[in-house]
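With compact mmCIF, C-alpha atoms and all ligand atoms inside, this is input-v6.txt:
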```
# COMPACT_ATOMS: atom_id res chain seq x y z
CA MET O 1 -23.66 2.79 -2.64
CA ARG O 2 -21.40 0.64 -4.82
CA PHE O 3 -17.66 0.61 -4.10
CA LEU O 4 -15.11 -0.73 -6.57
CA VAL O 5 -11.79 -1.73 -4.97
CA THR O 6 -9.07 -2.61 -7.48
CA GLY O 7 -6.17 -4.60 -6.02
CA GLY O 8 -8.47 -5.57 -3.13
CA ALA O 9 -6.89 -9.03 -2.76
CA GLY O 10 -3.47 -7.58 -1.87
CA PHE O 11 -2.11 -6.60 1.54
CA ILE O 12 -3.55 -3.10 2.09
CA GLY O 13 -6.50 -3.60 -0.28
CA SER O 14 -7.81 -6.66 1.60
CA ASN O 15 -7.49 -4.90 4.95
CA PHE O 16 -9.36 -1.95 3.45
CA VAL O 17 -12.12 -4.25 2.15
CA ARG O 18 -12.55 -5.49 5.75
CA LEU O 19 -12.96 -1.87 6.89
CA LEU O 20 -15.58 -1.22 4.16
CA VAL O 21 -17.53 -4.36 5.13
CA ARG O 22 -17.59 -3.25 8.79
CA LYS O 23 -18.26 0.43 8.23
CA TYR O 24 -20.68 0.36 5.26
CA PRO O 25 -22.80 -2.78 5.83
CA ASP O 26 -25.42 -1.73 3.23
CA ALA O 27 -22.93 -1.00 0.46
CA GLU O 28 -22.13 -3.32 -2.45
CA ILE O 29 -18.39 -3.98 -2.54
CA VAL O 30 -16.85 -5.10 -5.82
CA VAL O 31 -13.22 -6.27 -5.73
CA LEU O 32 -11.34 -6.47 -9.03
CA ASP O 33 -7.94 -8.13 -8.81
CA LYS O 34 -5.58 -9.90 -11.20
CA LEU O 35 -4.38 -12.22 -8.41
CA THR O 36 -0.69 -11.79 -9.17
CA TYR O 37 1.76 -13.49 -6.76
CA ALA O 38 0.87 -10.68 -4.28
CA GLY O 39 -2.92 -10.99 -4.53
CA ARG O 40 -4.55 -14.00 -2.91
CA MET O 41 -8.14 -15.08 -2.24
CA GLU O 42 -6.85 -16.27 1.16
CA ASN O 43 -6.51 -12.56 2.05
CA LEU O 44 -10.29 -12.17 1.64
CA ARG O 45 -11.33 -15.48 3.21
CA ASP O 46 -13.25 -13.91 6.10
CA VAL O 47 -15.18 -11.45 3.90
CA GLN O 48 -15.74 -13.52 0.76
CA ASN O 49 -19.52 -13.67 1.37
CA ASN O 50 -19.70 -9.87 1.70
CA ILE O 51 -18.13 -8.97 -1.65
CA ILE O 52 -18.48 -9.49 -5.39
CA PHE O 53 -15.10 -10.70 -6.66
CA ILE O 54 -13.97 -10.19 -10.26
CA HIS O 55 -10.77 -11.83 -11.43
CA GLY O 56 -9.51 -9.12 -13.77
CA ASP O 57 -6.58 -7.01 -14.94
CA ILE O 58 -6.68 -3.20 -14.86
CA CYS O 59 -4.54 -3.26 -18.01
CA LYS O 60 -7.52 -4.79 -19.87
CA ILE O 61 -10.44 -2.46 -20.58
CA ASP O 62 -12.85 -5.40 -20.99
CA ASP O 63 -11.95 -6.72 -17.53
CA ILE O 64 -12.65 -3.31 -15.94
CA ALA O 65 -16.02 -3.14 -17.74
CA LYS O 66 -17.04 -6.37 -15.94
CA ALA O 67 -17.21 -4.35 -12.70
CA GLY O 68 -20.25 -2.46 -14.04
CA PRO O 69 -21.19 0.98 -12.72
CA CYS O 70 -19.84 2.13 -9.36
CA ASP O 71 -20.15 5.22 -7.15
CA VAL O 72 -16.65 5.24 -5.69
CA LEU O 73 -13.42 3.68 -7.00
CA PHE O 74 -10.42 2.96 -4.73
CA ASN O 75 -7.35 2.06 -6.80
CA PHE O 76 -4.95 -0.11 -4.79
CA ALA O 77 -3.92 -2.25 -7.80
CA ALA O 78 -0.21 -1.97 -8.51
CA GLU O 79 3.09 -3.73 -8.73
CA THR O 80 4.61 -2.67 -5.42
CA HIS O 81 8.01 -4.19 -4.69
CA VAL O 82 10.96 -1.84 -5.31
CA ASP O 83 13.45 -4.69 -5.92
CA ARG O 84 11.19 -6.21 -8.59
CA SER O 85 10.85 -2.77 -10.23
CA ILE O 86 14.65 -2.66 -10.65
CA SER O 87 14.70 -5.99 -12.51
CA GLU O 88 11.38 -5.55 -14.36
CA PRO O 89 10.55 -1.83 -14.79
CA ASP O 90 8.27 -2.30 -17.83
CA LEU O 91 5.77 -4.29 -15.78
CA PHE O 92 5.54 -1.43 -13.28
CA VAL O 93 4.90 1.14 -16.02
CA ARG O 94 2.24 -1.11 -17.56
CA THR O 95 0.31 -1.81 -14.35
CA ASP O 96 0.89 1.31 -12.29
CA VAL O 97 0.67 3.90 -15.10
CA LEU O 98 -1.29 2.38 -18.02
CA GLY O 99 -3.57 0.44 -15.65
CA THR O 100 -4.35 3.67 -13.79
CA CYS O 101 -5.06 5.41 -17.11
CA ASN O 102 -7.59 2.68 -18.00
CA LEU O 103 -9.33 3.13 -14.63
CA LEU O 104 -9.47 6.90 -15.11
CA ASN O 105 -11.03 6.44 -18.58
CA TYR O 106 -13.59 4.09 -17.03
CA ALA O 107 -14.25 6.58 -14.20
CA ILE O 108 -14.95 9.58 -16.46
CA LYS O 109 -17.65 7.59 -18.26
CA GLN O 110 -19.42 6.93 -14.93
CA ASP O 111 -21.19 9.33 -12.67
CA ILE O 112 -18.76 8.56 -9.84
CA SER O 113 -18.62 10.69 -6.72
CA ARG O 114 -14.97 9.91 -5.88
CA TYR O 115 -11.91 8.31 -7.48
CA ILE O 116 -9.33 7.56 -4.77
CA GLN O 117 -5.75 6.90 -5.91
CA ILE O 118 -3.63 5.02 -3.38
CA SER O 119 -0.10 6.37 -3.70
CA THR O 120 3.04 6.36 -1.61
CA ASP O 121 5.43 8.71 0.21
CA GLU O 122 8.17 7.20 -2.01
CA VAL O 123 7.12 9.63 -4.78
CA TYR O 124 8.90 12.44 -2.87
CA GLY O 125 12.24 10.62 -2.82
CA SER O 126 14.65 10.76 0.10
CA ILE O 127 14.94 13.56 2.68
CA ARG O 128 17.91 14.03 5.10
CA SER O 129 16.08 16.23 7.62
CA GLY O 130 12.56 17.60 8.04
CA SER O 131 9.46 16.14 6.41
CA PHE O 132 7.75 16.35 3.01
CA HIS O 133 4.48 18.24 2.60
CA GLU O 134 1.86 17.51 -0.04
CA THR O 135 2.94 20.58 -2.05
CA ASP O 136 6.59 19.51 -2.35
CA LEU O 137 8.04 18.50 -5.69
CA LEU O 138 8.17 14.82 -6.55
CA ASP O 139 11.62 13.29 -7.01
CA PRO O 140 11.17 9.50 -7.18
CA SER O 141 14.25 7.25 -7.19
CA SER O 142 13.09 3.77 -8.24
CA PRO O 143 11.08 2.58 -11.24
CA TYR O 144 8.36 1.72 -8.67
CA SER O 145 8.13 5.21 -7.18
CA ALA O 146 8.52 6.82 -10.63
CA SER O 147 5.57 4.78 -11.92
CA LYS O 148 3.47 5.77 -8.90
CA ALA O 149 4.42 9.44 -9.42
CA ALA O 150 3.50 9.24 -13.12
CA ALA O 151 0.15 7.68 -12.17
CA GLU O 152 -0.49 10.52 -9.71
CA HIS O 153 0.17 13.14 -12.40
CA LEU O 154 -2.33 11.40 -14.70
CA VAL O 155 -4.90 11.27 -11.89
CA HIS O 156 -4.49 14.98 -11.22
CA SER O 157 -4.71 15.78 -14.93
CA TYR O 158 -8.14 14.06 -15.06
CA TYR O 159 -9.25 16.36 -12.22
CA LYS O 160 -8.10 19.45 -14.10
CA THR O 161 -9.13 18.37 -17.60
CA TYR O 162 -12.33 16.38 -17.06
CA GLY O 163 -13.39 17.51 -13.59
CA LEU O 164 -13.11 13.95 -12.26
CA PRO O 165 -13.45 14.19 -8.43
CA VAL O 166 -10.13 12.59 -7.51
CA ILE O 167 -8.35 12.30 -4.16
CA THR O 168 -4.83 10.92 -3.71
CA THR O 169 -3.38 9.46 -0.53
CA ARG O 170 0.38 9.09 0.04
CA SER O 171 1.11 6.82 2.96
CA SER O 172 4.36 5.82 4.56
CA ASN O 173 5.53 2.18 4.89
CA ASN O 174 2.72 -0.11 6.05
CA PHE O 175 2.93 -3.30 8.07
CA GLY O 176 0.43 -5.70 9.59
CA PRO O 177 -1.52 -8.87 8.74
CA TYR O 178 -1.47 -10.38 5.21
CA GLN O 179 1.70 -8.59 4.06
CA TYR O 180 3.52 -10.67 1.46
CA PRO O 181 6.85 -11.97 2.79
CA GLU O 182 9.05 -9.97 0.44
CA LYS O 183 8.60 -6.69 2.36
CA LEU O 184 10.93 -5.86 5.26
CA ILE O 185 8.86 -6.64 8.36
CA PRO O 186 7.37 -10.01 7.30
CA VAL O 187 10.76 -11.04 5.82
CA LEU O 188 12.48 -10.34 9.15
CA ILE O 189 9.76 -12.02 11.24
CA LEU O 190 9.73 -15.19 9.12
CA LYS O 191 13.53 -15.39 8.87
CA ALA O 192 13.74 -15.06 12.66
CA LEU O 193 11.08 -17.75 13.20
CA SER O 194 13.08 -20.17 11.04
CA ARG O 195 16.39 -19.07 12.64
CA GLN O 196 17.84 -17.90 9.32
CA PRO O 197 20.00 -14.76 8.85
CA LEU O 198 18.02 -11.49 8.81
CA PRO O 199 19.29 -9.60 5.73
CA LEU O 200 19.64 -5.81 5.92
CA TYR O 201 20.67 -3.64 2.96
CA GLY O 202 23.94 -1.68 3.30
CA THR O 203 24.56 -0.51 6.87
CA GLY O 204 20.95 -1.05 7.98
CA LEU O 205 20.68 2.65 8.81
CA ASN O 206 18.09 3.61 6.20
CA VAL O 207 15.07 5.18 7.89
CA ARG O 208 11.42 4.39 7.20
CA ASP O 209 8.32 5.83 8.86
CA TRP O 210 6.13 2.86 9.90
CA LEU O 211 2.34 2.82 9.86
CA HIS O 212 0.02 0.00 10.93
CA VAL O 213 -2.12 -1.00 7.93
CA ASP O 214 -5.39 -0.46 9.86
CA ASP O 215 -4.36 3.15 10.49
CA ASN O 216 -3.66 3.65 6.78
CA CYS O 217 -7.11 2.17 6.02
CA THR O 218 -8.88 4.59 8.39
CA GLY O 219 -6.80 7.41 6.85
CA ILE O 220 -7.90 6.43 3.32
CA ASP O 221 -11.52 6.24 4.50
CA THR O 222 -11.17 9.69 6.11
CA ALA O 223 -9.71 11.14 2.90
CA TYR O 224 -12.63 9.61 0.94
CA ALA O 225 -15.37 10.72 3.36
CA LYS O 226 -14.06 14.14 4.38
CA GLY O 227 -11.39 15.13 1.86
CA SER O 228 -11.88 17.53 -1.04
CA PRO O 229 -11.59 16.68 -4.75
CA GLY O 230 -8.21 17.51 -6.27
CA GLN O 231 -6.45 17.19 -2.91
CA ILE O 232 -3.55 14.99 -1.80
CA TYR O 233 -3.23 13.67 1.76
CA ASN O 234 -0.07 12.27 3.38
CA ILE O 235 -0.83 9.47 5.86
CA GLY O 236 1.83 8.57 8.41
CA ALA O 237 2.19 7.93 12.12
CA GLY O 238 5.65 9.45 12.70
CA ASN O 239 7.28 6.14 13.68
CA GLU O 240 10.71 6.67 12.15
CA LYS O 241 13.03 3.69 12.66
CA THR O 242 16.19 2.43 10.99
CA ASN O 243 15.95 -1.01 9.42
CA LEU O 244 18.51 -2.14 12.00
CA GLU O 245 16.23 -0.99 14.84
CA ILE O 246 13.33 -2.93 13.28
CA ALA O 247 15.43 -6.12 13.11
CA ARG O 248 16.49 -5.69 16.77
CA ILE O 249 12.90 -5.04 17.94
CA ILE O 250 11.67 -8.20 16.19
CA LEU O 251 14.50 -10.35 17.58
CA HIS O 252 13.99 -9.00 21.12
CA SER O 253 10.22 -9.63 20.90
CA LEU O 254 10.96 -13.25 20.01
CA ASN O 255 13.64 -13.55 22.75
CA MET O 256 16.34 -14.13 20.16
CA ASN O 257 19.77 -12.56 20.03
CA GLU O 258 21.15 -10.21 17.38
CA ASP O 259 23.72 -12.61 15.88
CA LEU O 260 21.25 -13.43 13.10
CA ILE O 261 21.48 -9.90 11.64
CA THR O 262 23.52 -9.85 8.41
CA PHE O 263 24.34 -6.96 6.10
CA VAL O 264 24.02 -7.46 2.35
CA ALA O 265 24.98 -5.32 -0.68
CA ASP O 266 22.88 -2.15 -0.80
CA ARG O 267 19.90 -1.77 -3.15
CA ALA O 268 20.62 0.38 -6.24
CA GLY O 269 19.23 3.91 -5.83
CA HIS O 270 18.27 3.15 -2.22
CA ASP O 271 16.49 6.12 -0.62
CA PHE O 272 18.07 6.91 2.75
CA ARG O 273 15.14 8.39 4.68
CA TYR O 274 11.42 8.94 4.18
CA SER O 275 9.48 11.38 6.31
CA ILE O 276 6.11 13.04 5.74
CA ALA O 277 4.16 15.82 7.45
CA THR O 278 0.60 14.70 8.23
CA GLU O 279 -1.17 17.85 9.51
CA LYS O 280 -3.51 17.90 6.50
CA ILE O 281 -5.10 14.48 7.08
CA ARG O 282 -5.14 15.13 10.86
CA GLU O 283 -7.13 18.34 10.22
CA LEU O 284 -9.87 16.07 8.79
CA GLY O 285 -10.07 14.34 12.19
CA TRP O 286 -7.82 11.34 11.51
CA GLN O 287 -5.16 10.07 13.85
CA PRO O 288 -3.46 6.69 14.18
CA SER O 289 -5.00 4.49 16.84
CA HIS O 290 -2.10 2.04 17.34
CA SER O 291 1.32 2.80 18.85
CA PHE O 292 4.32 1.30 17.07
CA ASP O 293 5.14 -1.02 19.99
CA GLU O 294 1.60 -2.38 20.11
CA SER O 295 1.41 -2.71 16.29
CA ILE O 296 4.65 -4.68 15.95
CA LYS O 297 3.58 -7.07 18.74
CA MET O 298 0.17 -7.56 17.05
CA THR O 299 1.91 -8.21 13.72
CA ILE O 300 4.42 -10.74 15.10
CA ASP O 301 1.54 -12.46 16.89
CA TRP O 302 -0.48 -12.61 13.64
CA TYR O 303 2.38 -14.32 11.77
CA LEU O 304 2.89 -16.73 14.69
CA LYS O 305 -0.81 -17.71 14.61
CA ASN O 306 -1.28 -17.82 10.83
CA GLU O 307 1.29 -20.24 9.51
CA TRP O 308 -1.45 -21.60 7.14
CA TRP O 309 -1.27 -18.23 5.36
CA TRP O 310 2.49 -17.78 4.93
CA LYS O 311 3.91 -21.33 4.88
CA PRO O 312 2.86 -22.00 1.24
CA LEU O 313 4.61 -18.79 0.15
CA LEU O 314 8.11 -19.69 1.35
N1 LIG G 1 2.80 -1.57 1.27
C1 LIG G 1 3.14 -0.32 1.56
O1 LIG G 1 3.88 -0.08 2.51
C2 LIG G 1 2.57 0.82 0.74
C3 LIG G 1 2.86 2.12 1.17
C4 LIG G 1 2.32 3.19 0.45
C5 LIG G 1 1.51 2.95 -0.66
N2 LIG G 1 1.27 1.68 -1.06
C6 LIG G 1 0.38 1.49 -2.22
O2 LIG G 1 -0.78 0.82 -1.77
C7 LIG G 1 -1.28 -0.04 -2.80
C8 LIG G 1 -1.40 -1.46 -2.27
O3 LIG G 1 -0.12 -1.88 -1.82
P1 LIG G 1 0.10 -3.33 -1.19
O4 LIG G 1 1.28 -3.27 -0.33
O5 LIG G 1 -1.19 -3.82 -0.65
O6 LIG G 1 0.46 -4.14 -2.51
P2 LIG G 1 0.39 -5.70 -2.82
O7 LIG G 1 1.53 -5.95 -3.75
O8 LIG G 1 0.28 -6.49 -1.57
O9 LIG G 1 -0.98 -5.85 -3.60
C9 LIG G 1 -1.18 -5.37 -4.89
C10 LIG G 1 -2.50 -5.96 -5.38
O10 LIG G 1 -2.72 -5.47 -6.72
C11 LIG G 1 -3.09 -6.58 -7.55
N3 LIG G 1 -2.69 -6.28 -8.93
C12 LIG G 1 -1.43 -6.15 -9.41
N4 LIG G 1 -1.47 -5.91 -10.73
C13 LIG G 1 -2.80 -5.86 -11.08
C14 LIG G 1 -3.48 -5.64 -12.31
N5 LIG G 1 -2.84 -5.43 -13.45
N6 LIG G 1 -4.83 -5.66 -12.29
C15 LIG G 1 -5.52 -5.89 -11.14
N7 LIG G 1 -4.92 -6.13 -9.96
C16 LIG G 1 -3.57 -6.10 -9.94
C17 LIG G 1 -2.33 -7.77 -6.98
O11 LIG G 1 -2.89 -9.00 -7.38
C18 LIG G 1 -2.48 -7.50 -5.48
O12 LIG G 1 -3.70 -8.01 -5.00
C19 LIG G 1 -0.32 0.10 -3.97
O13 LIG G 1 -0.87 0.98 -4.91
C20 LIG G 1 0.96 0.66 -3.35
O14 LIG G 1 1.68 1.43 -4.27
C21 LIG G 1 1.79 0.61 -0.40
```

Show this structure as structure tokens.
Amino acid sequence: MRFLVTGGAGFIGSNFVRLLVRKYPDAEIVVLDKLTYAGRMENLRDVQNNIIFIHGDICKIDDIAKAGPCDVLFNFAAETHVDRSISEPDLFVRTDVLGTCNLLNYAIKQDISRYIQISTDEVYGSIRSGSFHETDLLDPSSPYSASKAAAEHLVHSYYKTYGLPVITTRSSNNFGPYQYPEKLIPVLILKALSRQPLPLYGTGLNVRDWLHVDDNCTGIDTAYAKGSPGQIYNIGAGNEKTNLEIARIILHSLNMNEDLITFVADRAGHDFRYSIATEKIRELGWQPSHSFDESIKMTIDWYLKNEWWWKPLL
């Protein structure tokens, strides 16, 4: 078995590579990554002897060809930060849409058994009450989520047109080790550790559904191993929290008071609430194995113990 993991040097991708190394010890694991600011070899330090690493760009067909033939392709490669997508939308269209198209063209020339597209619950847009199901219409709000939605449509079109055995996962907000300190939870942890103000958009009442990255990785593996071609699987743990609650939980865990919380001008097009129904992935036998309280403690502890990893990034 030969796995190709694009974007495997990023936050979720590198944690997923660790799962593959543990779970499929006889497989060959090829990681193709452009090593943008978000992708770092440090993220793969403990598994570097278990993988074949290719420094390459999914926007370049010749770079993808360097991966050679593979049986299964997991596409994690993407530009992922909503704020950056507002200031630089073209880059998101190039990587997330055209890059995906290049991978699909590569995949149809191979005899691959699965193409797994890693997508996001942000493609649904915001929901005031209830939860989105996989069959709901997509209504993305940011250039990031619009690019991910466009990529999904392309992926599904390759299933219908070329019979490519694709599976798409849409997970909620992830957190855990190796998350770049531009995303909410690592930003708040590192600001608190350096006793700087913890910035929250608007009123801080926007709601996100939090998922430990290891639980997303087991969900993606479940979708790959047990899911059906052409299907989409939401992956979420049902941990809905406001951003304000997250800031308070982090400060309390570090025995700090709430004076450090500051409110800043809201993000343009800011989705108020994300919520997804996850019966479909649970029917395949998946469930999260970490509670939110345990996961946030583990994550704070990881950042406390791994200053070598984040210090150079600040
Ligand atoms: N982080 C989340 O909460 C979350 C939630 C749902 C879905 N997702 C999706 O999961 C995937 C991984 O997210 P993440 O948070 O790990 O992102 P990340 O930003 O940490 O990592 C992205 C990785 O992709 C690589 N990359 C970027 N452009 C590339 C290109 N042109 N060619 C090759 N590699 C390239 C980067 O170097 C990096 O290693 C993304 O597709 C994202 O949309 C993320």

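Nearest to Leu198 of chain O of all the residues O:Asn49, O:Ser145, O:Asn257, O:Ser119 is O:Asn257, counting only C-alpha atoms.
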
Atomic distance atom CA of Ala265 of chain O - atom CA of Ser87 of chain O, expressed in Å with one decimal: 15.7 Å

Can I get the residues close to ligand LIG 1 (chain G) as a ChimeraX atom specification, where close means within 7 Å and we count all atoms listed in the file? /O:6-13,32-40,56-59,75-81,95,99,118-121,148,170-175,179-180

For the residues selected in the previous step, produce a file with C-alpha atoms as a PDB file, in the frame of the given file.
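What ended up in part12.pdb:
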```pdb
ATOM      1  CA  THR O   6      -9.070  -2.610  -7.480  1.00  0.00           C
ATOM      2  CA  GLY O   7      -6.170  -4.600  -6.020  1.00  0.00           C
ATOM      3  CA  GLY O   8      -8.470  -5.570  -3.130  1.00  0.00           C
ATOM      4  CA  ALA O   9      -6.890  -9.030  -2.760  1.00  0.00           C
ATOM      5  CA  GLY O  10      -3.470  -7.580  -1.870  1.00  0.00           C
ATOM      6  CA  PHE O  11      -2.110  -6.600   1.540  1.00  0.00           C
ATOM      7  CA  ILE O  12      -3.550  -3.100   2.090  1.00  0.00           C
ATOM      8  CA  GLY O  13      -6.500  -3.600  -0.280  1.00  0.00           C
ATOM      9  CA  LEU O  32     -11.340  -6.470  -9.030  1.00  0.00           C
ATOM     10  CA  ASP O  33      -7.940  -8.130  -8.810  1.00  0.00           C
ATOM     11  CA  LYS O  34      -5.580  -9.900 -11.200  1.00  0.00           C
ATOM     12  CA  LEU O  35      -4.380 -12.220  -8.410  1.00  0.00           C
ATOM     13  CA  THR O  36      -0.690 -11.790  -9.170  1.00  0.00           C
ATOM     14  CA  TYR O  37       1.760 -13.490  -6.760  1.00  0.00           C
ATOM     15  CA  ALA O  38       0.870 -10.680  -4.280  1.00  0.00           C
ATOM     16  CA  GLY O  39      -2.920 -10.990  -4.530  1.00  0.00           C
ATOM     17  CA  ARG O  40      -4.550 -14.000  -2.910  1.00  0.00           C
ATOM     18  CA  GLY O  56      -9.510  -9.120 -13.770  1.00  0.00           C
ATOM     19  CA  ASP O  57      -6.580  -7.010 -14.940  1.00  0.00           C
ATOM     20  CA  ILE O  58      -6.680  -3.200 -14.860  1.00  0.00           C
ATOM     21  CA  CYS O  59      -4.540  -3.260 -18.010  1.00  0.00           C
ATOM     22  CA  ASN O  75      -7.350   2.060  -6.800  1.00  0.00           C
ATOM     23  CA  PHE O  76      -4.950  -0.110  -4.790  1.00  0.00           C
ATOM     24  CA  ALA O  77      -3.920  -2.250  -7.800  1.00  0.00           C
ATOM     25  CA  ALA O  78      -0.210  -1.970  -8.510  1.00  0.00           C
ATOM     26  CA  GLU O  79       3.090  -3.730  -8.730  1.00  0.00           C
ATOM     27  CA  THR O  80       4.610  -2.670  -5.420  1.00  0.00           C
ATOM     28  CA  HIS O  81       8.010  -4.190  -4.690  1.00  0.00           C
ATOM     29  CA  THR O  95       0.310  -1.810 -14.350  1.00  0.00           C
ATOM     30  CA  GLY O  99      -3.570   0.440 -15.650  1.00  0.00           C
ATOM     31  CA  ILE O 118      -3.630   5.020  -3.380  1.00  0.00           C
ATOM     32  CA  SER O 119      -0.100   6.370  -3.700  1.00  0.00           C
ATOM     33  CA  THR O 120       3.040   6.360  -1.610  1.00  0.00           C
ATOM     34  CA  ASP O 121       5.430   8.710   0.210  1.00  0.00           C
ATOM     35  CA  LYS O 148       3.470   5.770  -8.900  1.00  0.00           C
ATOM     36  CA  ARG O 170       0.380   9.090   0.040  1.00  0.00           C
ATOM     37  CA  SER O 171       1.110   6.820   2.960  1.00  0.00           C
ATOM     38  CA  SER O 172       4.360   5.820   4.560  1.00  0.00           C
ATOM     39  CA  ASN O 173       5.530   2.180   4.890  1.00  0.00           C
ATOM     40  CA  ASN O 174       2.720  -0.110   6.050  1.00  0.00           C
ATOM     41  CA  PHE O 175       2.930  -3.300   8.070  1.00  0.00           C
ATOM     42  CA  GLN O 179       1.700  -8.590   4.060  1.00  0.00           C
ATOM     43  CA  TYR O 180       3.520 -10.670   1.460  1.00  0.00           C
TER      44      TYR O 180
END
```

Here is a test: counting all atoms listed in the file, which residue of O:Thr161, O:Asn102, O:Asn216, O:Gln287 is nearest to Asp62 of chain O?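 For Asp62 of chain O, the nearest of the candidates is O:Asn102.
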
Which residue of O:Pro165, O:Asn243, O:Ile52, O:Ser141 approaches Ile127 of chain O most closely, using all atoms listed in the file: O:Ser141

For Tyr24 of chain O, please output as a list in words all residues within 12 Å (counting all atoms listed in the file; exclusion window: fewer than 2 positions along the same chain).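 Non-adjacent residues within range: Met1, Arg2, Phe3, Phe16, Val17, Arg18, Leu19, Leu20, Val21, Arg22, Asp26, Ala27, Glu28, Ile29, Asn50, Ile51, Asp221 and Ala225 of chain O.
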
Taking all atoms listed in the file into account, which of O:Asp266, O:Asp111, O:Asp301, O:Glu258 comes nearest Leu164 of chain O?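 Looking at the shortest contact to Leu164 of chain O, the residue is O:Asp111.
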
Report as a Markdown table: every residue of segment 120-231 of chain O with an atom at most 7 Å from segment 282-286 of chain O, its closest pair of atoms, and their distance in Å to one decimal, counting all atoms listed in the file, with rows sorted by chain and ascending residue number.
```
| residue | atom | partner | partner_atom | distance |
| --- | --- | --- | --- | --- |
| O:Gly219 | CA | O:Trp286 | CA | 6.2 |
| O:Thr222 | CA | O:Trp286 | CA | 6.6 |
| O:Lys226 | CA | O:Leu284 | CA | 6.4 |
```

Among the residues O:Ile235, O:Ala223, O:Met298, O:Leu200, the one that comes closest to Phe263 of chain O [using all atoms listed in the file]: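 Ranking O:Ile235, O:Ala223, O:Met298, O:Leu200 by distance to Phe263 of chain O, first place goes to O:Leu200.
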
From the set O:Arg195, O:Lys305, O:His270, O:His290, which residue has the shortest atom-to-atom contact distance to Trp210 of chain O, counting all atoms listed in the file?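 Selected residue with least distance to Trp210 of chain O: O:His290.
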
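The coordinates place atom CA of Ile249 of chain O at 11.7 Å from atom CA of Ile261 of chain O.
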
Determine, counting only C-alpha atoms, which protein, DNA and RNA residues have an atom within 12 Å of an atom of Ile61 of chain O; residues of the same chain fewer than 6 positions away are not included. Present the result as an MDAnalysis selection string. chainID O and resid 67:68 98:107

Writing out the chosen residues with C-alpha atoms as an mmCIF file, in the frame of the given file:
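Output (out27.cif):
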```cif
data_model
loop_
_atom_site.group_PDB
_atom_site.id
_atom_site.type_symbol
_atom_site.label_atom_id
_atom_site.label_comp_id
_atom_site.auth_asym_id
_atom_site.auth_seq_id
_atom_site.Cartn_x
_atom_site.Cartn_y
_atom_site.Cartn_z
ATOM 1 C CA ALA O 67 -17.210 -4.350 -12.700
ATOM 2 C CA GLY O 68 -20.250 -2.460 -14.040
ATOM 3 C CA LEU O 98 -1.290 2.380 -18.020
ATOM 4 C CA GLY O 99 -3.570 0.440 -15.650
ATOM 5 C CA THR O 100 -4.350 3.670 -13.790
ATOM 6 C CA CYS O 101 -5.060 5.410 -17.110
ATOM 7 C CA ASN O 102 -7.590 2.680 -18.000
ATOM 8 C CA LEU O 103 -9.330 3.130 -14.630
ATOM 9 C CA LEU O 104 -9.470 6.900 -15.110
ATOM 10 C CA ASN O 105 -11.030 6.440 -18.580
ATOM 11 C CA TYR O 106 -13.590 4.090 -17.030
ATOM 12 C CA ALA O 107 -14.250 6.580 -14.200
#
```

Do you know which residues lie at most 12 Å from (0.2, -12.4, 4.7), with coordinates as in the file and only C-alpha atoms counted, and could you write them as a PyMOL selection string? chain O and resi 9-12+14-15+37-44+175-183+185-187+189-190+299-300+302-314

What does the distance between atom CA of Ile232 of chain O and atom CA of Tyr274 of chain O come to in Å, to one decimal place?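 One can read the atom CA of Ile232 of chain O to atom CA of Tyr274 of chain O distance as 17.2 Å.
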
Using the file's own x, y and z axes, so that the box edges lie along x, y and z, what centre and edge lengths in Å (one decimal) does a box around every listed atom of segment 90-105 of chain O get when 6 Å is added on each side? Give it as JSON.
```
{"center_x": -1.4, "center_y": 1.3, "center_z": -15.4, "size_x": 31.3, "size_y": 23.2, "size_z": 18.3}
```
